[in-house]
>>> print(open('model.csv').read())   # CSV, C-alpha atoms
chain,number,residue,atom,x,y,z
A,87,VAL,CA,19.7,-20.2,-8.2
A,88,GLY,CA,19.4,-18.1,-5.1
A,89,GLY,CA,16.3,-20.0,-4.0
A,90,VAL,CA,18.0,-23.3,-4.4
A,91,ILE,CA,21.0,-22.1,-2.4
A,92,ALA,CA,18.7,-20.8,0.4
A,93,LEU,CA,16.8,-24.1,0.5
A,94,ALA,CA,20.0,-26.1,0.7
A,95,VAL,CA,21.3,-23.9,3.6
A,96,TYR,CA,17.9,-24.2,5.3
A,97,ILE,CA,18.0,-28.0,5.1
A,98,GLY,CA,21.6,-28.1,6.3
A,99,LEU,CA,21.1,-25.8,9.2
A,100,PHE,CA,17.7,-26.7,10.5
A,101,LEU,CA,17.3,-30.4,9.5
A,102,ALA,CA,20.6,-32.2,8.8
A,103,LEU,CA,22.7,-30.4,11.5
A,104,PRO,CA,20.2,-30.8,14.3
A,105,TYR,CA,19.8,-34.5,13.4
A,106,ARG,CA,23.5,-35.1,13.6
A,107,LEU,CA,23.9,-33.2,16.8
A,108,ALA,CA,21.0,-34.9,18.6
A,109,PRO,CA,22.2,-37.0,21.5
A,110,GLU,CA,22.1,-40.8,21.0
A,111,GLY,CA,20.6,-43.2,23.4
A,112,ARG,CA,17.6,-41.1,24.5
A,113,GLY,CA,16.2,-44.1,26.3
A,114,ASN,CA,19.3,-44.8,28.5
A,115,GLY,CA,17.9,-43.1,31.6
A,116,ASP,CA,20.0,-40.0,31.4
A,117,VAL,CA,17.0,-37.6,31.1
A,118,ALA,CA,15.6,-36.5,34.4
A,119,PRO,CA,12.0,-35.6,34.9
A,120,ARG,CA,11.3,-31.9,35.2
A,121,PRO,CA,8.1,-30.8,37.0
A,122,PRO,CA,6.2,-27.8,35.6
A,123,GLY,CA,6.9,-24.4,37.2
A,124,ARG,CA,4.4,-22.3,39.0
A,125,ALA,CA,3.9,-20.0,36.0
A,126,THR,CA,3.2,-22.9,33.6
A,127,ARG,CA,0.8,-24.5,36.1
A,128,ALA,CA,-1.1,-21.3,36.3
A,129,ILE,CA,-1.4,-21.1,32.6
A,130,GLY,CA,-2.5,-24.6,32.4
A,131,SER,CA,-5.2,-24.0,35.1
A,132,LEU,CA,-6.4,-20.9,33.3
A,133,ILE,CA,-6.7,-22.8,30.0
A,134,ALA,CA,-8.6,-25.6,31.8
A,135,THR,CA,-10.9,-23.1,33.4
A,136,VAL,CA,-11.7,-21.4,30.0
A,137,THR,CA,-12.3,-24.8,28.6
A,138,ARG,CA,-14.9,-25.6,31.3
A,139,LEU,CA,-16.6,-22.3,30.6
A,140,ARG,CA,-16.7,-23.0,26.8
A,141,ARG,CA,-20.5,-22.6,26.6
A,142,PHE,CA,-20.0,-19.0,27.6
A,143,VAL,CA,-16.6,-18.3,26.1
A,144,LEU,CA,-17.2,-19.5,22.6
A,145,PRO,CA,-20.4,-17.5,22.0
A,146,GLY,CA,-18.7,-14.5,23.5
A,147,ILE,CA,-15.7,-14.9,21.2
A,148,ALA,CA,-18.0,-15.3,18.2
A,149,VAL,CA,-19.8,-12.1,19.0
A,150,VAL,CA,-16.6,-10.1,19.5
A,151,THR,CA,-15.2,-11.6,16.3
A,152,ILE,CA,-18.2,-10.6,14.3
A,153,VAL,CA,-18.0,-7.1,15.6
A,154,ALA,CA,-14.2,-7.1,14.9
A,155,VAL,CA,-14.8,-8.1,11.3
A,156,THR,CA,-17.1,-5.1,10.8
A,157,PHE,CA,-14.2,-2.8,11.9
A,158,MET,CA,-11.6,-4.8,10.1
A,159,VAL,CA,-13.1,-4.2,6.7
A,160,ARG,CA,-13.0,-0.4,7.4
A,161,VAL,CA,-9.2,-0.2,7.8
A,162,GLN,CA,-7.9,2.2,5.1
A,163,SER,CA,-4.6,2.3,3.4
A,164,GLU,CA,-2.5,5.3,4.2
A,165,PHE,CA,1.1,6.5,3.9
A,166,ASP,CA,1.9,9.0,6.6
A,167,VAL,CA,5.5,9.9,7.5
A,168,LYS,CA,4.5,9.8,11.2
A,169,ASP,CA,4.2,6.0,10.8
A,170,PHE,CA,7.9,5.8,10.0
A,171,PHE,CA,9.5,8.8,11.7
A,172,SER,CA,9.2,10.3,15.1
A,173,PRO,CA,6.4,13.0,15.3
A,174,ASP,CA,9.0,15.2,17.0
A,175,SER,CA,11.6,15.0,14.2
A,176,ASP,CA,12.4,18.1,12.2
A,177,PHE,CA,11.2,16.4,9.0
A,178,VAL,CA,7.7,15.6,10.3
A,179,VAL,CA,7.4,19.0,12.1
A,180,SER,CA,8.3,20.8,8.8
A,181,LEU,CA,5.6,18.9,6.9
A,182,ASP,CA,3.0,19.8,9.6
A,183,LYS,CA,4.0,23.4,9.4
A,184,LEU,CA,3.7,23.3,5.6
A,185,ASP,CA,0.2,21.9,5.9
A,186,GLU,CA,-0.7,24.5,8.6
A,187,HIS,CA,0.5,27.6,6.8
A,188,GLY,CA,0.3,26.5,3.2
A,189,GLY,CA,-3.3,25.4,3.5
A,190,SER,CA,-5.1,25.2,0.2
A,191,GLN,CA,-2.3,27.0,-1.6
A,192,ALA,CA,0.1,24.1,-1.2
A,193,GLY,CA,0.0,20.4,-2.0
A,194,GLU,CA,2.0,17.5,-3.2
A,195,PRO,CA,2.3,17.8,-7.0
A,196,ALA,CA,0.5,15.4,-9.3
A,197,ASP,CA,1.4,15.2,-13.0
A,198,LEU,CA,-0.9,15.0,-16.0
A,199,LEU,CA,0.9,13.5,-18.9
A,200,ILE,CA,-0.8,14.2,-22.3
A,201,GLU,CA,0.6,12.2,-25.2
A,202,ALA,CA,-0.8,13.4,-28.5
A,203,ASP,CA,0.1,15.2,-31.7
A,204,LEU,CA,0.2,18.7,-30.2
A,205,SER,CA,1.3,20.2,-33.5
A,206,ASP,CA,-2.3,19.7,-34.6
A,207,PRO,CA,-4.2,23.0,-33.7
A,208,GLY,CA,-7.4,21.0,-33.0
A,209,SER,CA,-5.7,18.8,-30.5
A,210,LEU,CA,-4.0,21.7,-28.8
A,211,ALA,CA,-7.3,23.5,-28.6
A,212,ALA,CA,-8.8,20.5,-26.8
A,213,VAL,CA,-5.9,20.6,-24.3
A,214,ALA,CA,-6.6,24.3,-23.7
A,215,ARG,CA,-10.3,23.6,-23.1
A,216,PHE,CA,-9.4,20.9,-20.7
A,217,ALA,CA,-7.1,23.3,-18.8
A,218,ASP,CA,-9.9,25.8,-18.5
A,219,ARG,CA,-12.3,23.2,-17.1
A,220,VAL,CA,-9.7,22.2,-14.5
A,221,ARG,CA,-9.1,25.7,-13.4
A,222,SER,CA,-12.8,26.4,-13.1
A,223,LEU,CA,-13.5,23.4,-10.8
A,224,GLU,CA,-15.3,24.1,-7.6
A,225,THR,CA,-13.4,21.9,-5.2
A,226,ASP,CA,-10.9,22.1,-2.4
A,227,ARG,CA,-9.0,19.0,-3.6
A,228,PHE,CA,-6.4,21.0,-5.5
A,229,ALA,CA,-4.1,23.8,-4.6
A,230,ARG,CA,-5.3,27.3,-5.5
A,231,THR,CA,-3.6,30.6,-6.4
A,232,ASP,CA,-4.1,33.8,-4.5
A,233,ALA,CA,-6.8,34.7,-7.0
A,234,GLY,CA,-8.7,31.6,-6.0
A,235,ASP,CA,-8.2,29.6,-9.2
A,236,ILE,CA,-6.8,26.1,-9.2
A,237,ASP,CA,-3.1,26.4,-9.6
A,238,LEU,CA,-2.5,24.4,-12.8
A,239,GLN,CA,0.9,24.5,-14.4
A,240,ALA,CA,-0.3,23.9,-17.9
A,241,GLY,CA,2.9,22.7,-19.6
A,242,VAL,CA,2.9,23.5,-23.3
A,243,LEU,CA,0.1,26.1,-22.9
A,244,ASP,CA,2.3,28.0,-20.4
A,245,VAL,CA,5.2,28.0,-23.0
A,246,ILE,CA,2.9,29.4,-25.7
A,247,ASP,CA,1.5,32.0,-23.3
A,248,GLU,CA,5.1,33.2,-22.5
A,249,VAL,CA,5.9,33.4,-26.2
A,250,TRP,CA,2.8,35.5,-26.9
A,251,ALA,CA,3.6,37.8,-24.1
A,252,SER,CA,7.1,38.5,-25.4
A,253,ASP,CA,7.8,40.5,-28.6
A,254,ALA,CA,11.3,39.2,-28.6
A,255,ALA,CA,10.2,35.6,-28.4
A,256,ARG,CA,7.7,36.0,-31.3
A,257,ALA,CA,10.4,37.7,-33.4
A,258,ALA,CA,12.9,35.0,-32.6
A,259,VAL,CA,10.5,32.2,-33.5
A,260,ALA,CA,9.7,33.9,-36.8
A,261,GLU,CA,13.3,34.4,-37.6
A,262,ALA,CA,14.4,30.8,-36.7
A,263,GLY,CA,11.4,29.0,-38.2
A,264,GLY,CA,10.8,31.2,-41.2
A,265,THR,CA,7.1,31.7,-40.2
A,266,THR,CA,5.2,34.4,-38.4
A,267,LEU,CA,3.0,33.4,-35.5
A,268,THR,CA,-0.6,34.4,-35.9
A,269,ASP,CA,-3.8,34.1,-33.9
A,270,ALA,CA,-6.7,34.9,-36.2
A,271,ASP,CA,-9.4,33.4,-34.0
A,272,GLY,CA,-8.1,35.0,-30.8
A,273,ASP,CA,-7.9,31.8,-28.8
A,274,GLY,CA,-4.3,32.5,-27.7
A,275,LEU,CA,-2.9,29.6,-29.8
A,276,PRO,CA,-1.0,29.7,-33.1
A,277,ASP,CA,-3.2,29.1,-36.1
A,278,THR,CA,-1.3,26.4,-38.0
A,279,GLY,CA,0.7,23.3,-37.4
A,280,GLU,CA,3.7,24.8,-39.1
A,281,GLN,CA,3.7,27.7,-36.6
A,282,LEU,CA,3.4,25.3,-33.7
A,283,LEU,CA,6.3,23.2,-34.9
A,284,ALA,CA,8.4,26.3,-35.3
A,285,LEU,CA,7.5,27.5,-31.8
A,286,TYR,CA,8.2,24.1,-30.2
A,287,GLY,CA,11.5,23.6,-32.0
A,288,PHE,CA,12.8,27.1,-31.1
A,289,ALA,CA,11.6,26.9,-27.4
A,290,ARG,CA,13.2,23.5,-26.8
A,291,ALA,CA,16.5,24.6,-28.3
A,292,ALA,CA,16.8,28.2,-27.1
A,293,GLY,CA,14.1,28.7,-24.5
A,294,VAL,CA,11.7,31.7,-24.4
A,295,PRO,CA,13.5,35.1,-24.5
A,296,PHE,CA,12.2,38.1,-22.5
A,297,ASP,CA,14.5,40.5,-24.3
A,298,ALA,CA,17.8,40.3,-26.2
A,299,GLU,CA,19.7,39.3,-23.0
A,300,ASN,CA,17.2,37.5,-20.6
A,301,LEU,CA,15.1,34.4,-20.8
A,302,VAL,CA,11.7,33.9,-19.4
A,303,LEU,CA,12.0,30.1,-19.7
A,304,THR,CA,15.3,28.3,-20.2
A,305,PRO,CA,15.6,25.4,-22.7
A,306,ASP,CA,15.6,23.0,-19.7
A,307,ASP,CA,12.4,24.6,-18.4
A,308,VAL,CA,10.7,24.0,-21.8
A,309,ARG,CA,12.0,20.4,-22.1
A,310,THR,CA,10.7,19.6,-18.7
A,311,VAL,CA,7.1,20.2,-19.8
A,312,LEU,CA,7.4,19.6,-23.6
A,313,SER,CA,9.0,16.4,-25.0
A,314,GLU,CA,10.6,16.1,-28.3
A,315,GLY,CA,7.6,14.1,-29.5
A,316,HIS,CA,5.4,17.0,-28.4
A,317,SER,CA,3.8,15.3,-25.4
A,318,THR,CA,3.3,17.7,-22.5
A,319,ARG,CA,3.3,17.4,-18.7
A,320,MET,CA,0.9,19.5,-16.6
A,321,GLN,CA,1.0,19.7,-12.8
A,322,LEU,CA,-1.3,20.6,-10.0
A,323,GLY,CA,-1.0,20.3,-6.2
A,324,VAL,CA,-3.0,17.9,-4.0
A,325,PRO,CA,-3.3,19.2,-0.4
A,326,GLY,CA,-3.6,16.6,2.3
A,327,SER,CA,-2.1,13.8,0.1
A,328,ARG,CA,-1.0,11.9,3.2
A,329,GLU,CA,-4.4,10.3,3.2
A,330,THR,CA,-5.2,8.0,0.3
A,331,ALA,CA,-8.9,8.9,0.6
A,332,THR,CA,-7.9,12.5,-0.3
A,333,ILE,CA,-6.0,11.3,-3.4
A,334,ALA,CA,-8.8,9.1,-4.5
A,335,ALA,CA,-11.3,12.0,-4.2
A,336,ALA,CA,-9.0,14.2,-6.3
A,337,ARG,CA,-8.7,11.4,-8.9
A,338,SER,CA,-12.5,10.9,-9.0
A,339,ILE,CA,-12.8,14.6,-10.0
A,340,LEU,CA,-10.1,14.5,-12.7
A,341,ASP,CA,-10.9,11.2,-14.3
A,342,PRO,CA,-14.0,12.2,-16.2
A,343,LEU,CA,-12.3,15.3,-17.5
A,344,MET,CA,-9.3,13.2,-18.6
A,345,ASP,CA,-11.5,10.7,-20.3
A,346,ASP,CA,-13.3,13.4,-22.3
A,347,LEU,CA,-9.9,14.9,-23.3
A,348,GLU,CA,-8.5,11.6,-24.4
A,349,ALA,CA,-11.6,10.9,-26.5
A,350,GLU,CA,-11.2,14.3,-28.2
A,351,LEU,CA,-7.5,13.7,-28.9
A,352,ARG,CA,-8.1,10.3,-30.3
A,353,GLU,CA,-10.2,11.7,-33.1
A,354,ALA,CA,-7.0,13.1,-34.6
A,355,ASP,CA,-4.5,10.7,-33.0
A,356,PRO,CA,-5.8,7.1,-32.3
A,357,GLU,CA,-2.8,6.5,-30.0
A,358,ALA,CA,-3.3,9.6,-27.8
A,359,ALA,CA,-3.3,9.1,-24.1
A,360,VAL,CA,-3.9,11.1,-21.0
A,361,THR,CA,-2.4,9.7,-17.8
A,362,LEU,CA,-2.4,10.9,-14.2
A,363,THR,CA,0.8,10.2,-12.3
A,364,GLY,CA,3.3,11.7,-9.9
A,365,GLY,CA,4.1,11.0,-6.2
A,366,PRO,CA,0.7,10.9,-4.7
A,367,ILE,CA,-0.8,8.8,-7.5
A,368,THR,CA,1.9,6.2,-7.6
A,369,ARG,CA,1.9,6.0,-3.8
A,370,GLN,CA,-1.9,5.4,-3.7
A,371,GLU,CA,-1.6,2.8,-6.5
A,372,SER,CA,1.1,1.1,-4.5
A,373,LEU,CA,-0.9,1.0,-1.3
A,374,ASP,CA,-4.0,-0.1,-3.1
A,375,ALA,CA,-1.9,-2.9,-4.6
A,376,VAL,CA,-0.7,-3.9,-1.2
A,377,LEU,CA,-4.2,-3.9,0.2
A,378,ARG,CA,-5.5,-6.0,-2.7
A,379,ALA,CA,-2.6,-8.4,-2.3
A,380,LEU,CA,-3.4,-8.7,1.4
A,381,GLN,CA,-7.1,-9.4,0.8
A,382,ILE,CA,-6.2,-12.1,-1.7
A,383,SER,CA,-3.2,-13.6,0.1
A,384,LEU,CA,-4.7,-13.9,3.6
A,385,PRO,CA,-7.5,-16.3,2.5
A,386,ILE,CA,-5.1,-18.3,0.4
A,387,ALA,CA,-2.7,-18.6,3.3
A,388,VAL,CA,-5.4,-19.7,5.7
A,389,LEU,CA,-6.7,-22.3,3.1
A,390,LEU,CA,-3.3,-23.7,2.6
A,391,CYS,CA,-2.7,-23.9,6.4
A,392,LEU,CA,-6.0,-25.7,6.7
A,393,THR,CA,-5.1,-28.1,3.9
A,394,ILE,CA,-1.6,-28.9,5.0
A,395,GLY,CA,-2.4,-29.0,8.7
A,396,SER,CA,-5.3,-31.4,8.1
A,397,TRP,CA,-3.1,-33.6,5.9
A,398,PHE,CA,-0.3,-33.9,8.4
A,399,MET,CA,-2.5,-34.4,11.4
A,400,ARG,CA,-4.7,-36.8,9.4
A,401,SER,CA,-7.8,-34.9,10.7
A,402,ILE,CA,-9.9,-32.2,9.1
A,403,ARG,CA,-11.4,-31.5,12.5
A,404,TYR,CA,-8.0,-30.7,14.1
A,405,GLY,CA,-7.1,-28.7,11.0
A,406,ILE,CA,-10.1,-26.5,11.4
A,407,VAL,CA,-9.5,-26.2,15.1
A,408,SER,CA,-5.9,-25.1,14.4
A,409,VAL,CA,-7.0,-22.5,11.8
A,410,VAL,CA,-9.9,-20.8,13.6
A,411,PRO,CA,-7.7,-19.1,16.2
A,412,ILE,CA,-5.7,-17.6,13.4
A,413,LEU,CA,-8.8,-16.1,11.8
A,414,ILE,CA,-9.8,-14.7,15.2
A,415,VAL,CA,-6.4,-13.1,15.7
A,416,VAL,CA,-6.3,-11.5,12.3
A,417,SER,CA,-9.7,-10.0,12.6
A,418,TRP,CA,-9.1,-8.7,16.1
A,419,LEU,CA,-5.7,-7.3,15.0
A,420,TYR,CA,-7.1,-5.2,12.2
A,421,ALA,CA,-10.1,-4.2,14.2
A,422,PHE,CA,-7.7,-2.9,16.9
A,423,MET,CA,-5.8,-1.0,14.2
A,424,TYR,CA,-9.0,0.6,13.0
A,425,LEU,CA,-10.1,1.6,16.5
A,426,THR,CA,-6.7,3.0,17.4
A,427,GLY,CA,-6.2,5.0,14.2
A,428,PHE,CA,-3.6,2.8,12.5
A,429,ALA,CA,-3.8,2.3,8.7
A,430,ILE,CA,-2.5,-0.3,6.3
A,431,ASN,CA,0.8,0.6,4.7
A,432,LEU,CA,3.9,-1.1,3.4
A,433,VAL,CA,4.9,-2.1,7.0
A,434,THR,CA,1.6,-2.9,8.8
A,435,ALA,CA,0.4,-5.0,5.9
A,436,THR,CA,2.9,-7.6,6.8
A,437,ILE,CA,1.4,-8.0,10.3
A,438,GLY,CA,-1.4,-10.2,9.0
A,439,ALA,CA,1.1,-12.5,7.3
A,440,VAL,CA,3.3,-12.7,10.4
A,441,SER,CA,0.2,-13.5,12.5
A,442,ILE,CA,-0.6,-16.4,10.3
A,443,GLY,CA,2.9,-17.7,10.1
A,444,ILE,CA,3.4,-17.6,13.9
A,445,GLY,CA,-0.1,-18.6,14.8
A,446,ILE,CA,-0.3,-21.7,12.7
A,447,ASP,CA,2.9,-23.1,14.3
A,448,PHE,CA,1.5,-22.5,17.8
A,449,ALA,CA,-1.9,-23.9,17.0
A,450,ILE,CA,-0.6,-27.1,15.5
A,451,HIS,CA,1.9,-27.6,18.3
A,452,PHE,CA,-0.8,-27.2,20.9
A,453,ALA,CA,-3.3,-29.4,19.0
A,454,MET,CA,-0.7,-32.2,18.6
A,455,ARG,CA,0.3,-32.0,22.3
A,456,TYR,CA,-3.4,-32.1,23.3
A,457,ARG,CA,-3.9,-35.3,21.1
A,458,GLU,CA,-0.9,-36.9,22.8
A,459,GLU,CA,-2.1,-36.1,26.3
A,460,LEU,CA,-5.7,-37.1,25.5
A,461,ALA,CA,-4.4,-40.5,24.2
A,462,ARG,CA,-2.3,-40.9,27.4
A,463,ARG,CA,-4.8,-39.6,30.0
A,464,GLY,CA,-8.2,-40.3,28.4
A,465,ASN,CA,-9.6,-37.1,30.1
A,466,ARG,CA,-10.1,-34.0,28.0
A,467,GLU,CA,-9.8,-31.5,30.8
A,468,GLU,CA,-6.7,-33.1,32.1
A,469,ALA,CA,-5.3,-33.3,28.6
A,470,VAL,CA,-5.9,-29.7,27.8
A,471,GLN,CA,-4.5,-28.5,31.1
A,472,ALA,CA,-1.3,-30.6,30.6
A,473,ALA,CA,-1.0,-29.3,27.1
A,474,GLY,CA,-1.4,-25.7,28.4
A,475,GLU,CA,1.2,-26.0,31.1
A,476,GLY,CA,3.7,-28.0,29.1
A,477,ASP,CA,3.9,-30.8,31.6
A,478,ASP,CA,7.2,-32.3,30.7
A,479,GLU,CA,7.2,-34.6,33.8
A,480,VAL,CA,5.0,-37.3,32.3
A,481,VAL,CA,6.7,-37.3,28.8
A,482,GLU,CA,10.2,-37.3,30.1
A,483,ALA,CA,9.4,-39.9,32.8
A,484,GLU,CA,8.2,-42.2,30.0
A,485,ILE,CA,11.4,-41.6,28.1
A,486,VAL,CA,13.4,-42.6,31.2
A,487,ASP,CA,11.3,-45.8,31.5
A,488,GLU,CA,12.1,-46.7,27.9
>>> encode(input="model.csv", output="structure tokens")
Amino acid sequence: VGGVIALAVYIGLFLALPYRLAPEGRGNGDVAPRPPGRATRAIGSLIATVTRLRRFVLPGIAVVTIVAVTFMVRVQSEFDVKDFFSPDSDFVVSLDKLDEHGGSQAGEPADLLIEADLSDPGSLAAVARFADRVRSLETDRFARTDAGDIDLQAGVLDVIDEVWASDAARAAVAEAGGTTLTDADGDGLPDTGEQLLALYGFARAAGVPFDAENLVLTPDDVRTVLSEGHSTRMQLGVPGSRETATIAAARSILDPLMDDLEAELREADPEAAVTLTGGPITRQESLDAVLRALQISLPIAVLLCLTIGSWFMRSIRYGIVSVVPILIVVSWLYAFMYLTGFAINLVTATIGAVSIGIGIDFAIHFAMRYREELARRGNREEAVQAAGEGDDEVVEAEIVDE
């Protein structure tokens, strides 16, 4: 409905209304010839000069465009606040200070969502092994603790650790659940599913007590990392997450470990899943989607411009001539972005589309004017110069004669 209304408004404002307001009797001699100004004559002369030097200009443009394409394909997607806020703003300065002083001990949090039957001791043991493998990674892609280990907030495992560390918590779980927590194999995990269910239920309802009056973890703390269905959320920091390349590198390290964990969990629960999410991950996926859409939409837009332009101008040759400058502009534009340090984000991705939208209008207008001048003058150089300088004198003079 909205589209139909917008189309009706467009037709009314830009087609019907201008037609009604157009002056009648255009051939009554009321239109006076207007000679081109000095600036337009200079532009026309420049275009004519470039046309005469086409044997040198066209190969030069081709070489520059080929080089530009090699730079164009290297443009990366990136989301930096400096692209949207002043580098001198308090917000940007504070982020820079955090990166400077936090270093490898800080980073934007990424979340690991583990959906499985964590009341099964075998599944929980697999999660514990996964956490140990993550903490022992030799990489600077994740934030680290003062001890040098990767700072992994292990969700349900942290809850269990706090319960084991508190006599009051173990006693409260045993009293509330009617079962005593045991760890016969010494792995730091309760031995049976019944004990795990009792621990989860108590911790979600009452938190983890430190003593009779104080809590180590509140119920909200526990519910944040342990859902009612016993899925858990782990978290670790990703330093330098402004650059999508950094996020991609971190994901490439975690993905194999996550795949192994998911395979282990599915032995007991076929619907188990391990998902990496959080701010940096969703942002990278969004930027990658924008980049993919750009890579797909630009060729489609150019092809449609070629098809429609050729059909309206009744000439494939003129259609190609109108589209080629757009391809040159887009390739040079993104090559310039690469050389000057700009990246593709939610804003700059629209530049290519805008270039095509504006460029095809200008190209078709120029081509059609050139065809009119060529038919009138019979000389290509004169026609292209007249089209370049917008010589209204001849056209309006003919209107007066009519």
>>> atom_distance(input="model.csv", atom1="atom CA of A:Thr426", atom2="atom CA of A:Ile152")
18.1 Å
>>> residues_around(input="model.csv", residues="A:Arg463", least_positions_apart="6", cutoff="10 Å", atoms="only C-alpha atoms", output="PyMOL selection string")
chain A and resi 457+469+472
>>> closest_residue(input="model.csv", among="A:Leu413, A:Pro325, A:Gly427, A:Val388", to="A:Ala154", atoms="only C-alpha atoms")
A:Leu413
>>> residues_around(input="model.csv", residues="A:Arg256", least_positions_apart="5", cutoff="12 Å", atoms="only C-alpha atoms", output="tab-separated table (two decimals) with C-alpha atoms, in the frame of the given file")
chain	number	residue	atom	x	y	z
A	245	VAL	CA	5.20	28.00	-23.00
A	246	ILE	CA	2.90	29.40	-25.70
A	247	ASP	CA	1.50	32.00	-23.30
A	248	GLU	CA	5.10	33.20	-22.50
A	249	VAL	CA	5.90	33.40	-26.20
A	250	TRP	CA	2.80	35.50	-26.90
A	251	ALA	CA	3.60	37.80	-24.10
A	261	GLU	CA	13.30	34.40	-37.60
A	262	ALA	CA	14.40	30.80	-36.70
A	263	GLY	CA	11.40	29.00	-38.20
A	264	GLY	CA	10.80	31.20	-41.20
A	265	THR	CA	7.10	31.70	-40.20
A	266	THR	CA	5.20	34.40	-38.40
A	267	LEU	CA	3.00	33.40	-35.50
A	268	THR	CA	-0.60	34.40	-35.90
A	269	ASP	CA	-3.80	34.10	-33.90
A	276	PRO	CA	-1.00	29.70	-33.10
A	281	GLN	CA	3.70	27.70	-36.60
A	282	LEU	CA	3.40	25.30	-33.70
A	284	ALA	CA	8.40	26.30	-35.30
A	285	LEU	CA	7.50	27.50	-31.80
A	286	TYR	CA	8.20	24.10	-30.20
A	288	PHE	CA	12.80	27.10	-31.10
A	289	ALA	CA	11.60	26.90	-27.40
A	293	GLY	CA	14.10	28.70	-24.50
A	294	VAL	CA	11.70	31.70	-24.40
A	295	PRO	CA	13.50	35.10	-24.50
A	296	PHE	CA	12.20	38.10	-22.50
A	297	ASP	CA	14.50	40.50	-24.30
>>> residues_around(input="model.csv", residues="stretch 138-140 of chain A", least_positions_apart="4", cutoff="8 Å", atoms="all atoms listed in the file", output="JSON, numbers by chain")
{"A": [134, 144, 467]}
>>> closest_residue(input="model.csv", among="A:Val161, A:Ala439, A:Ile406, A:Leu238", to="A:Val324", atoms="only C-alpha atoms")
A:Leu238
>>> closest_residue(input="model.csv", among="A:Leu132, A:Leu432, A:Leu322, A:Ile91", to="A:Val470", atoms="all atoms listed in the file")
A:Leu132
>>> residues_around(input="model.csv", residues="A:Ile412", least_positions_apart="3", cutoff="10 Å", atoms="only C-alpha atoms", output="PyMOL selection string")
chain A and resi 388+391+407-409+415-418+438+441-446+448-449
>>> closest_residue(input="model.csv", among="A:Leu460, A:Ala233, A:Leu93, A:Leu204", to="A:Ala358", atoms="all atoms listed in the file")
A:Leu204
>>> closest_residue(input="model.csv", among="A:Leu243, A:Ala202, A:Leu340, A:Ala217", to="A:Ala359", atoms="all atoms listed in the file")
A:Ala202
>>> residues_near_point(input="model.csv", point="(-16.3, -7.8, 11.0)", cutoff="12 Å", atoms="all atoms listed in the file", output="list in words")
Ala148, Val149, Val150, Thr151, Ile152, Val153, Ala154, Val155, Thr156, Phe157, Met158, Val159, Arg160, Val161, Leu413, Ile414, Val416, Ser417, Trp418, Leu419, Tyr420, Ala421, Phe422 and Tyr424 of chain A
>>> residues_around(input="model.csv", residues="A:Thr310", least_positions_apart="3", cutoff="10 Å", atoms="only C-alpha atoms", output="PDB file with C-alpha atoms, in the frame of the given file")
ATOM      1  CA  GLY A 241       2.900  22.700 -19.600  1.00  0.00           C
ATOM      2  CA  VAL A 242       2.900  23.500 -23.300  1.00  0.00           C
ATOM      3  CA  ARG A 290      13.200  23.500 -26.800  1.00  0.00           C
ATOM      4  CA  THR A 304      15.300  28.300 -20.200  1.00  0.00           C
ATOM      5  CA  PRO A 305      15.600  25.400 -22.700  1.00  0.00           C
ATOM      6  CA  ASP A 306      15.600  23.000 -19.700  1.00  0.00           C
ATOM      7  CA  ASP A 307      12.400  24.600 -18.400  1.00  0.00           C
ATOM      8  CA  SER A 313       9.000  16.400 -25.000  1.00  0.00           C
ATOM      9  CA  THR A 318       3.300  17.700 -22.500  1.00  0.00           C
ATOM     10  CA  ARG A 319       3.300  17.400 -18.700  1.00  0.00           C
TER      11      ARG A 319
END
>>> atom_distance(input="model.csv", atom1="atom CA of A:Glu329", atom2="atom CA of A:Ala429")
9.7 Å
>>> atom_distance(input="model.csv", atom1="atom CA of A:Asn431", atom2="atom CA of A:Thr393")
29.3 Å
>>> closest_residue(input="model.csv", among="A:Asp273, A:Asp341, A:Ile430, A:Ala229", to="A:Arg378", atoms="all atoms listed in the file")
A:Ile430
>>> residues_near_point(input="model.csv", point="(4.4, 15.5, -7.7)", cutoff="10 Å", atoms="all atoms listed in the file", output="ChimeraX atom specification")
/A:193-198,321-324,363-368
>>> decode(input="model.csv", residues="stretch 205-211 of chain A", atoms="N, CA and C atoms", output="PDB file, in the first residue's frame")
ATOM      1  N   SER A 205      22.157 -31.169  32.026  1.00  0.00           N
ATOM      2  CA  SER A 205      21.943 -32.021  33.197  1.00  0.00           C
ATOM      3  C   SER A 205      22.588 -33.385  33.000  1.00  0.00           C
ATOM      4  N   ASP A 206      23.098 -33.633  31.795  1.00  0.00           N
ATOM      5  CA  ASP A 206      23.823 -34.873  31.517  1.00  0.00           C
ATOM      6  C   ASP A 206      25.290 -34.665  31.887  1.00  0.00           C
ATOM      7  N   PRO A 207      25.839 -35.449  32.815  1.00  0.00           N
ATOM      8  CA  PRO A 207      27.236 -35.258  33.233  1.00  0.00           C
ATOM      9  C   PRO A 207      28.220 -35.343  32.070  1.00  0.00           C
ATOM     10  N   GLY A 208      27.949 -36.217  31.085  1.00  0.00           N
ATOM     11  CA  GLY A 208      28.854 -36.334  29.947  1.00  0.00           C
ATOM     12  C   GLY A 208      28.879 -35.058  29.115  1.00  0.00           C
ATOM     13  N   SER A 209      27.716 -34.465  28.881  1.00  0.00           N
ATOM     14  CA  SER A 209      27.659 -33.221  28.115  1.00  0.00           C
ATOM     15  C   SER A 209      28.344 -32.091  28.867  1.00  0.00           C
ATOM     16  N   LEU A 210      28.117 -32.045  30.181  1.00  0.00           N
ATOM     17  CA  LEU A 210      28.757 -31.001  30.971  1.00  0.00           C
ATOM     18  C   LEU A 210      30.275 -31.169  30.977  1.00  0.00           C
ATOM     19  N   ALA A 211      30.745 -32.410  31.006  1.00  0.00           N
ATOM     20  CA  ALA A 211      32.191 -32.660  30.965  1.00  0.00           C
ATOM     21  C   ALA A 211      32.772 -32.202  29.630  1.00  0.00           C
TER      22      ALA A 211
END
